[in-house]
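Raw entry33.cif, mmCIF, C-alpha atoms and all ligand atoms:
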data_work
loop_
_atom_site.label_atom_id
_atom_site.label_comp_id
_atom_site.auth_asym_id
_atom_site.auth_seq_id
_atom_site.Cartn_x
_atom_site.Cartn_y
_atom_site.Cartn_z
CA MET A 25 -15.94 -13.00 -25.71
CA SER A 26 -17.16 -15.05 -22.80
CA LEU A 27 -15.80 -18.44 -21.96
CA LYS A 28 -18.63 -20.95 -21.62
CA LEU A 29 -18.64 -24.53 -20.42
CA LEU A 30 -21.30 -27.09 -21.31
CA ILE A 31 -22.81 -28.44 -18.12
CA HIS A 32 -23.42 -31.92 -19.55
CA GLU A 33 -19.71 -32.12 -20.38
CA LEU A 34 -18.80 -31.09 -16.85
CA ARG A 35 -21.16 -33.76 -15.59
CA GLU A 36 -19.58 -36.51 -17.67
CA THR A 37 -15.96 -35.65 -17.17
CA THR A 38 -13.98 -37.49 -14.53
CA ALA A 39 -10.66 -35.79 -15.14
CA ASP A 40 -9.41 -32.65 -13.43
CA ARG A 41 -9.30 -29.54 -15.50
CA THR A 42 -7.67 -26.14 -15.29
CA VAL A 43 -9.37 -23.05 -16.69
CA LYS A 44 -7.60 -19.74 -17.06
CA LEU A 45 -9.00 -16.58 -18.56
CA THR A 46 -8.72 -12.81 -18.58
CA LEU A 47 -11.85 -11.08 -17.31
CA PRO A 48 -13.38 -8.10 -19.18
CA SER A 49 -11.47 -4.92 -18.33
CA GLU A 50 -14.27 -2.38 -18.64
CA PRO A 51 -14.75 -0.13 -15.56
CA ILE A 52 -16.61 -1.72 -12.65
CA GLU A 53 -19.10 0.32 -10.67
CA PHE A 54 -19.08 -0.96 -7.13
CA GLN A 55 -20.28 0.58 -3.84
CA GLY A 56 -20.46 4.00 -5.44
CA ASP A 57 -16.89 3.88 -6.77
CA ILE A 58 -15.65 3.32 -10.31
CA PHE A 59 -12.84 0.77 -10.52
CA THR A 60 -10.80 1.30 -13.70
CA ALA A 61 -8.60 -1.65 -14.68
CA VAL A 62 -4.86 -0.99 -14.66
CA LYS A 63 -4.07 -4.66 -15.19
CA PRO A 64 -6.95 -6.84 -16.45
CA ALA A 65 -8.08 -9.37 -13.87
CA VAL A 66 -7.04 -12.97 -14.45
CA LEU A 67 -9.14 -15.86 -13.21
CA GLU A 68 -7.59 -19.27 -12.80
CA MET A 69 -9.55 -22.28 -11.61
CA HIS A 70 -8.88 -25.89 -10.93
CA LEU A 71 -11.93 -28.12 -11.41
CA HIS A 72 -11.98 -31.43 -9.61
CA PRO A 73 -14.95 -33.82 -10.06
CA GLU A 74 -16.09 -35.11 -6.69
CA GLY A 75 -19.17 -37.33 -6.60
CA ASN A 76 -22.15 -35.33 -7.84
CA SER A 77 -20.26 -32.05 -7.74
CA ILE A 78 -17.22 -30.27 -9.03
CA ALA A 79 -14.87 -28.88 -6.42
CA VAL A 80 -13.48 -25.56 -7.54
CA THR A 81 -10.34 -23.92 -6.22
CA GLY A 82 -9.45 -20.67 -7.87
CA SER A 83 -7.60 -17.42 -7.74
CA ILE A 84 -8.19 -13.93 -9.09
CA THR A 85 -5.51 -11.30 -9.55
CA GLY A 86 -5.86 -7.78 -10.91
CA GLU A 87 -5.14 -4.13 -10.36
CA TRP A 88 -7.52 -1.15 -10.51
CA SER A 89 -7.45 2.58 -10.10
CA LEU A 90 -10.16 4.29 -8.03
CA PRO A 91 -10.63 7.46 -5.98
CA CYS A 92 -9.20 7.48 -2.44
CA SER A 93 -12.14 7.25 -0.03
CA ARG A 94 -10.87 10.24 1.96
CA CYS A 95 -9.29 12.69 -0.50
CA LEU A 96 -10.73 11.42 -3.84
CA GLN A 97 -7.31 11.41 -5.55
CA PRO A 98 -6.80 8.39 -7.85
CA THR A 99 -5.24 5.51 -6.02
CA ARG A 100 -4.53 1.88 -6.90
CA VAL A 101 -5.80 -1.34 -5.42
CA GLU A 102 -4.48 -4.79 -6.12
CA LEU A 103 -6.39 -8.01 -5.72
CA ASP A 104 -4.74 -11.36 -5.24
CA CYS A 105 -7.28 -13.68 -3.67
CA THR A 106 -8.13 -17.35 -3.63
CA PHE A 107 -11.56 -18.89 -3.35
CA GLU A 108 -13.23 -22.26 -3.12
CA ASP A 109 -16.58 -23.30 -4.47
CA MET A 110 -18.67 -26.38 -5.17
CA TRP A 111 -20.64 -26.68 -8.41
CA PRO A 112 -23.50 -29.15 -7.97
CA MET A 113 -23.92 -31.19 -11.12
CA SER A 114 -27.38 -32.54 -10.34
CA THR A 115 -30.24 -30.09 -10.86
CA ASP A 116 -32.57 -32.12 -8.59
CA ASP A 117 -30.51 -31.49 -5.53
CA GLU A 118 -32.19 -28.92 -3.28
CA THR A 119 -28.89 -27.25 -2.48
CA ALA A 120 -28.35 -26.79 -6.23
CA GLU A 121 -31.29 -24.42 -6.57
CA ASP A 122 -29.30 -21.24 -6.01
CA PHE A 123 -26.54 -22.38 -8.32
CA TYR A 124 -28.88 -23.10 -11.24
CA ALA A 125 -30.78 -19.87 -10.64
CA SER A 126 -27.56 -17.80 -10.97
CA ALA A 127 -27.05 -15.27 -13.76
CA TYR A 128 -24.04 -17.25 -15.00
CA ILE A 129 -26.13 -20.35 -15.74
CA GLU A 130 -27.56 -19.90 -19.23
CA GLU A 131 -29.60 -21.58 -21.94
CA ASP A 132 -31.98 -23.54 -19.75
CA LYS A 133 -29.30 -24.75 -17.33
CA THR A 134 -27.08 -26.17 -20.06
CA ILE A 135 -24.25 -23.63 -20.05
CA LEU A 136 -22.02 -22.18 -17.35
CA ASN A 137 -20.72 -18.79 -18.40
CA VAL A 138 -17.28 -18.78 -16.75
CA THR A 139 -16.67 -15.10 -17.52
CA GLU A 140 -19.89 -14.12 -15.72
CA TYR A 141 -19.04 -16.47 -12.88
CA GLY A 142 -15.58 -14.91 -12.56
CA MET A 143 -17.05 -11.38 -12.49
CA GLU A 144 -19.36 -12.43 -9.67
CA VAL A 145 -16.49 -13.86 -7.63
CA LEU A 146 -14.46 -10.74 -8.38
CA LEU A 147 -17.19 -8.46 -7.01
CA GLU A 148 -17.31 -10.50 -3.81
CA HIS A 149 -13.59 -9.93 -3.26
CA LEU A 150 -13.04 -6.34 -4.37
CA PRO A 151 -11.98 -4.12 -1.47
CA MET A 152 -14.83 -1.96 -0.17
CA ARG A 153 -12.81 1.21 0.12
CA SER A 154 -9.26 2.28 -0.40
CA LEU A 155 -6.95 4.99 0.83
CA CYS A 156 -4.10 6.64 -1.10
CA SER A 157 -2.10 6.21 2.10
CA VAL A 158 -2.94 5.21 5.67
CA GLU A 159 -1.98 8.73 6.68
CA CYS A 160 -4.27 10.40 4.16
CA GLN A 161 -5.58 13.63 5.72
CA GLY A 162 -8.63 13.75 3.49
CA LEU A 163 -10.54 16.86 2.49
CA CYS A 164 -11.53 19.70 4.80
CA SER A 165 -15.23 19.20 5.45
CA ALA A 166 -15.77 22.97 5.49
CA CYS A 167 -13.86 24.26 2.44
CA GLY A 168 -12.99 21.07 0.52
CA ALA A 169 -9.21 21.72 0.52
CA ASN A 170 -7.07 18.59 0.07
CA LEU A 171 -5.30 18.59 3.42
CA ASN A 172 -2.48 16.40 2.06
CA PHE A 173 -1.31 19.26 -0.14
CA GLU A 174 -2.58 22.47 1.42
CA GLU A 175 -3.55 23.95 4.70
CA CYS A 176 -6.74 25.81 5.22
CA ASN A 177 -7.83 28.06 8.05
CA CYS A 178 -11.10 26.32 8.84
CA GLY A 179 -9.69 24.05 11.56
CA LYS A 180 -7.51 26.70 13.13
CA ARG A 181 -10.25 29.14 13.96
CA ASP A 182 -11.96 26.45 16.00
CA VAL A 183 -15.43 27.54 14.96
CA ASP A 184 -18.57 25.65 15.66
CA PRO A 185 -19.05 23.65 12.42
CA ARG A 186 -22.71 24.70 12.26
CA LEU A 187 -21.68 28.35 12.36
CA ALA A 188 -19.04 27.67 9.71
CA VAL A 189 -21.73 26.38 7.35
CA LEU A 190 -23.85 29.44 8.08
CA GLY A 191 -20.88 31.72 7.43
CA ARG A 192 -20.28 30.02 4.10
CA LEU A 193 -23.92 30.41 3.10
CA LEU A 194 -23.79 34.12 3.87
CA ASN A 195 -20.56 34.48 1.89
CA ASP A 196 -22.03 32.64 -1.08
CA LYS A 197 -25.11 34.80 -1.06
CA GLY A 198 -23.02 37.92 -1.46
CA GLY A 199 -21.83 36.69 -4.85
CA VAL A 200 -25.20 35.65 -6.23
CA ARG A 201 -27.65 37.92 -7.98
CA ASP A 202 -31.14 37.12 -6.78
CA GLY A 203 -32.94 38.71 -9.72
CA THR A 204 -35.06 41.11 -7.70
CA THR A 205 -33.01 44.20 -8.49
ZN ZN B 301 -6.32 10.12 0.09
ZN ZN B 302 -10.97 24.21 5.20
#
Kindly transcribe the structure held in the file into structure tokens.
Amino acid sequence: MSLKLLIHELRETTADRTVKLTLPSEPIEFQGDIFTAVKPAVLEMHLHPEGNSIAVTGSITGEWSLPCSRCLQPTRVELDCTFEDMWPMSTDDETAEDFYASAYIEEDKTILNVTEYGMEVLLEHLPMRSLCSVECQGLCSACGANLNFEECNCGKRDVDPRLAVLGRLLNDKGGVRDGTT
């Protein structure tokens, strides 16, 4: 269920208001990674009417699991960020164009879908990449071994990487039937 606010109500209100909600916890696909929620994200916002706008100060917290960008083992990222925004309440205002064209403004500019808005803010603040540890050794680019747990011989032989690839291709070929015999 999405939390929705009526824009005409926002426009008329003069009192401050606090909004708190849990964002949907389904996996998020972002920059080629899948973020799986460990703790659902919580959005909290303080809305303060200011002239023709509403000043928004908010925070988002949450925790996700995603593959380490070097070794691909599952690792966790936490988010605890704050943000500020300004919601223009007049549709005539030129600067309001982007706001009223957003995906979270619905039903002919009468409804602000707070859940959608929160997801958008969340995507702006998610970390781009994450490492299981700053010392992560990653995977061997030649044989794919996880160098955090095992050693491979690729690095030690000090081969030209282009030759290594060729060697691997030749090895692979030996195990494949080509259908001509
Ligand atoms: Zn790693
Ligand atoms: Zn290797």
Each chain A residue no farther than 8 Å from ligand ZN 302 (chain B), nearest pair in Å, all atoms listed in the file, as CSV:
residue,atom,partner,partner_atom,distance
A:Leu163,CA,B:ZN302,ZN,7.8
A:Cys164,CA,B:ZN302,ZN,4.6
A:Ser165,CA,B:ZN302,ZN,6.6
A:Ala166,CA,B:ZN302,ZN,5.0
A:Cys167,CA,B:ZN302,ZN,4.0
A:Gly168,CA,B:ZN302,ZN,6.0
A:Ala169,CA,B:ZN302,ZN,5.6
A:Glu175,CA,B:ZN302,ZN,7.4
A:Cys176,CA,B:ZN302,ZN,4.5
A:Asn177,CA,B:ZN302,ZN,5.7
A:Cys178,CA,B:ZN302,ZN,4.2
A:Gly179,CA,B:ZN302,ZN,6.5
Could you list, with a cut-off of 6 Å and counting only C-alpha atoms and all ligand atoms, the residues of chain A near ligand ZN 301 (chain B), each shown with its nearest atom pair and the distance in Å rounded to one decimal, rows sorted by chain and ascending number, as JSON lines?
{"residue": "A:Cys92", "atom": "CA", "partner": "B:ZN301", "partner_atom": "ZN", "distance": 4.7}
{"residue": "A:Arg94", "atom": "CA", "partner": "B:ZN301", "partner_atom": "ZN", "distance": 4.9}
{"residue": "A:Cys95", "atom": "CA", "partner": "B:ZN301", "partner_atom": "ZN", "distance": 4.0}
{"residue": "A:Gln97", "atom": "CA", "partner": "B:ZN301", "partner_atom": "ZN", "distance": 5.9}
{"residue": "A:Leu155", "atom": "CA", "partner": "B:ZN301", "partner_atom": "ZN", "distance": 5.2}
{"residue": "A:Cys156", "atom": "CA", "partner": "B:ZN301", "partner_atom": "ZN", "distance": 4.3}
{"residue": "A:Cys160", "atom": "CA", "partner": "B:ZN301", "partner_atom": "ZN", "distance": 4.6}
{"residue": "A:Gly162", "atom": "CA", "partner": "B:ZN301", "partner_atom": "ZN", "distance": 5.5}
**Q.** Selected residue, from A:Val101, A:Leu71, A:Val158, A:Val145, that lies nearest to A:Thr37 when counting only C-alpha atoms
**A.** A:Leu71
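Counting from atom CA of A:Ile31, the distance to atom CA of A:Ala127 is 14.5 Å.
We find atom CA of A:Thr134 and atom CA of A:His32 to be spaced 6.8 Å apart.
Once A:Glu144 and its same-chain neighbours fewer than 6 positions away are set aside, Leu47, Ile52, Phe54, Leu67, Ile84, Phe107, Ser126, Ala127, Tyr128, Asn137, Val138 and Leu150 of chain A remain within 12 Å of it when counting all atoms listed in the file.
With atom CA of A:Thr139 on one side and atom CA of A:Ser93 on the other, the separation reads 28.7 Å.
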Q: Tell me which protein, DNA and RNA residues are within 9 Å of A:Glu87, counting only C-alpha atoms, leaving out same-chain ones fewer than 3 positions away, and put them as a PyMOL selection string.
A: chain A and resi 60-65+100-104
Q: Take the point (-19.0, -19.2, -16.5) as written in the file and pick out every residue within 8 Å of it, counting all atoms listed in the file; give the list as a PyMOL selection string.
A: chain A and resi 26-29+128-129+135-142
Would you mind exporting the chosen residues as an mmCIF file, in the frame of the given file, restricted to C-alpha atoms?
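Heads up, here's the output in out.cif:
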data_model
loop_
_atom_site.group_PDB
_atom_site.id
_atom_site.type_symbol
_atom_site.label_atom_id
_atom_site.label_comp_id
_atom_site.auth_asym_id
_atom_site.auth_seq_id
_atom_site.Cartn_x
_atom_site.Cartn_y
_atom_site.Cartn_z
ATOM 1 C CA SER A 26 -17.160 -15.050 -22.800
ATOM 2 C CA LEU A 27 -15.800 -18.440 -21.960
ATOM 3 C CA LYS A 28 -18.630 -20.950 -21.620
ATOM 4 C CA LEU A 29 -18.640 -24.530 -20.420
ATOM 5 C CA TYR A 128 -24.040 -17.250 -15.000
ATOM 6 C CA ILE A 129 -26.130 -20.350 -15.740
ATOM 7 C CA ILE A 135 -24.250 -23.630 -20.050
ATOM 8 C CA LEU A 136 -22.020 -22.180 -17.350
ATOM 9 C CA ASN A 137 -20.720 -18.790 -18.400
ATOM 10 C CA VAL A 138 -17.280 -18.780 -16.750
ATOM 11 C CA THR A 139 -16.670 -15.100 -17.520
ATOM 12 C CA GLU A 140 -19.890 -14.120 -15.720
ATOM 13 C CA TYR A 141 -19.040 -16.470 -12.880
ATOM 14 C CA GLY A 142 -15.580 -14.910 -12.560
#
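The neighbours of A:Val43 here are the residues that come within 7 Å of it, using all atoms listed in the file and leaving out any residue fewer than 4 positions away in the same chain; they are Glu68, Met69 and His70 of chain A.
Considering the residues A:Ile78, A:Met25, A:Met110, A:Leu147 and counting all atoms listed in the file, A:Thr38 has its shortest atom-to-atom contact with A:Ile78.
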Selection near A:Ala120, 10 Å with only C-alpha atoms, sequence-local residues under 6 positions removed, as an mmCIF file with C-alpha atoms, in the frame of the given file:
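For reference, out-v8.cif as written:
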data_model
loop_
_atom_site.group_PDB
_atom_site.id
_atom_site.type_symbol
_atom_site.label_atom_id
_atom_site.label_comp_id
_atom_site.auth_asym_id
_atom_site.auth_seq_id
_atom_site.Cartn_x
_atom_site.Cartn_y
_atom_site.Cartn_z
ATOM 1 C CA SER A 77 -20.260 -32.050 -7.740
ATOM 2 C CA MET A 110 -18.670 -26.380 -5.170
ATOM 3 C CA TRP A 111 -20.640 -26.680 -8.410
ATOM 4 C CA PRO A 112 -23.500 -29.150 -7.970
ATOM 5 C CA MET A 113 -23.920 -31.190 -11.120
ATOM 6 C CA SER A 114 -27.380 -32.540 -10.340
#
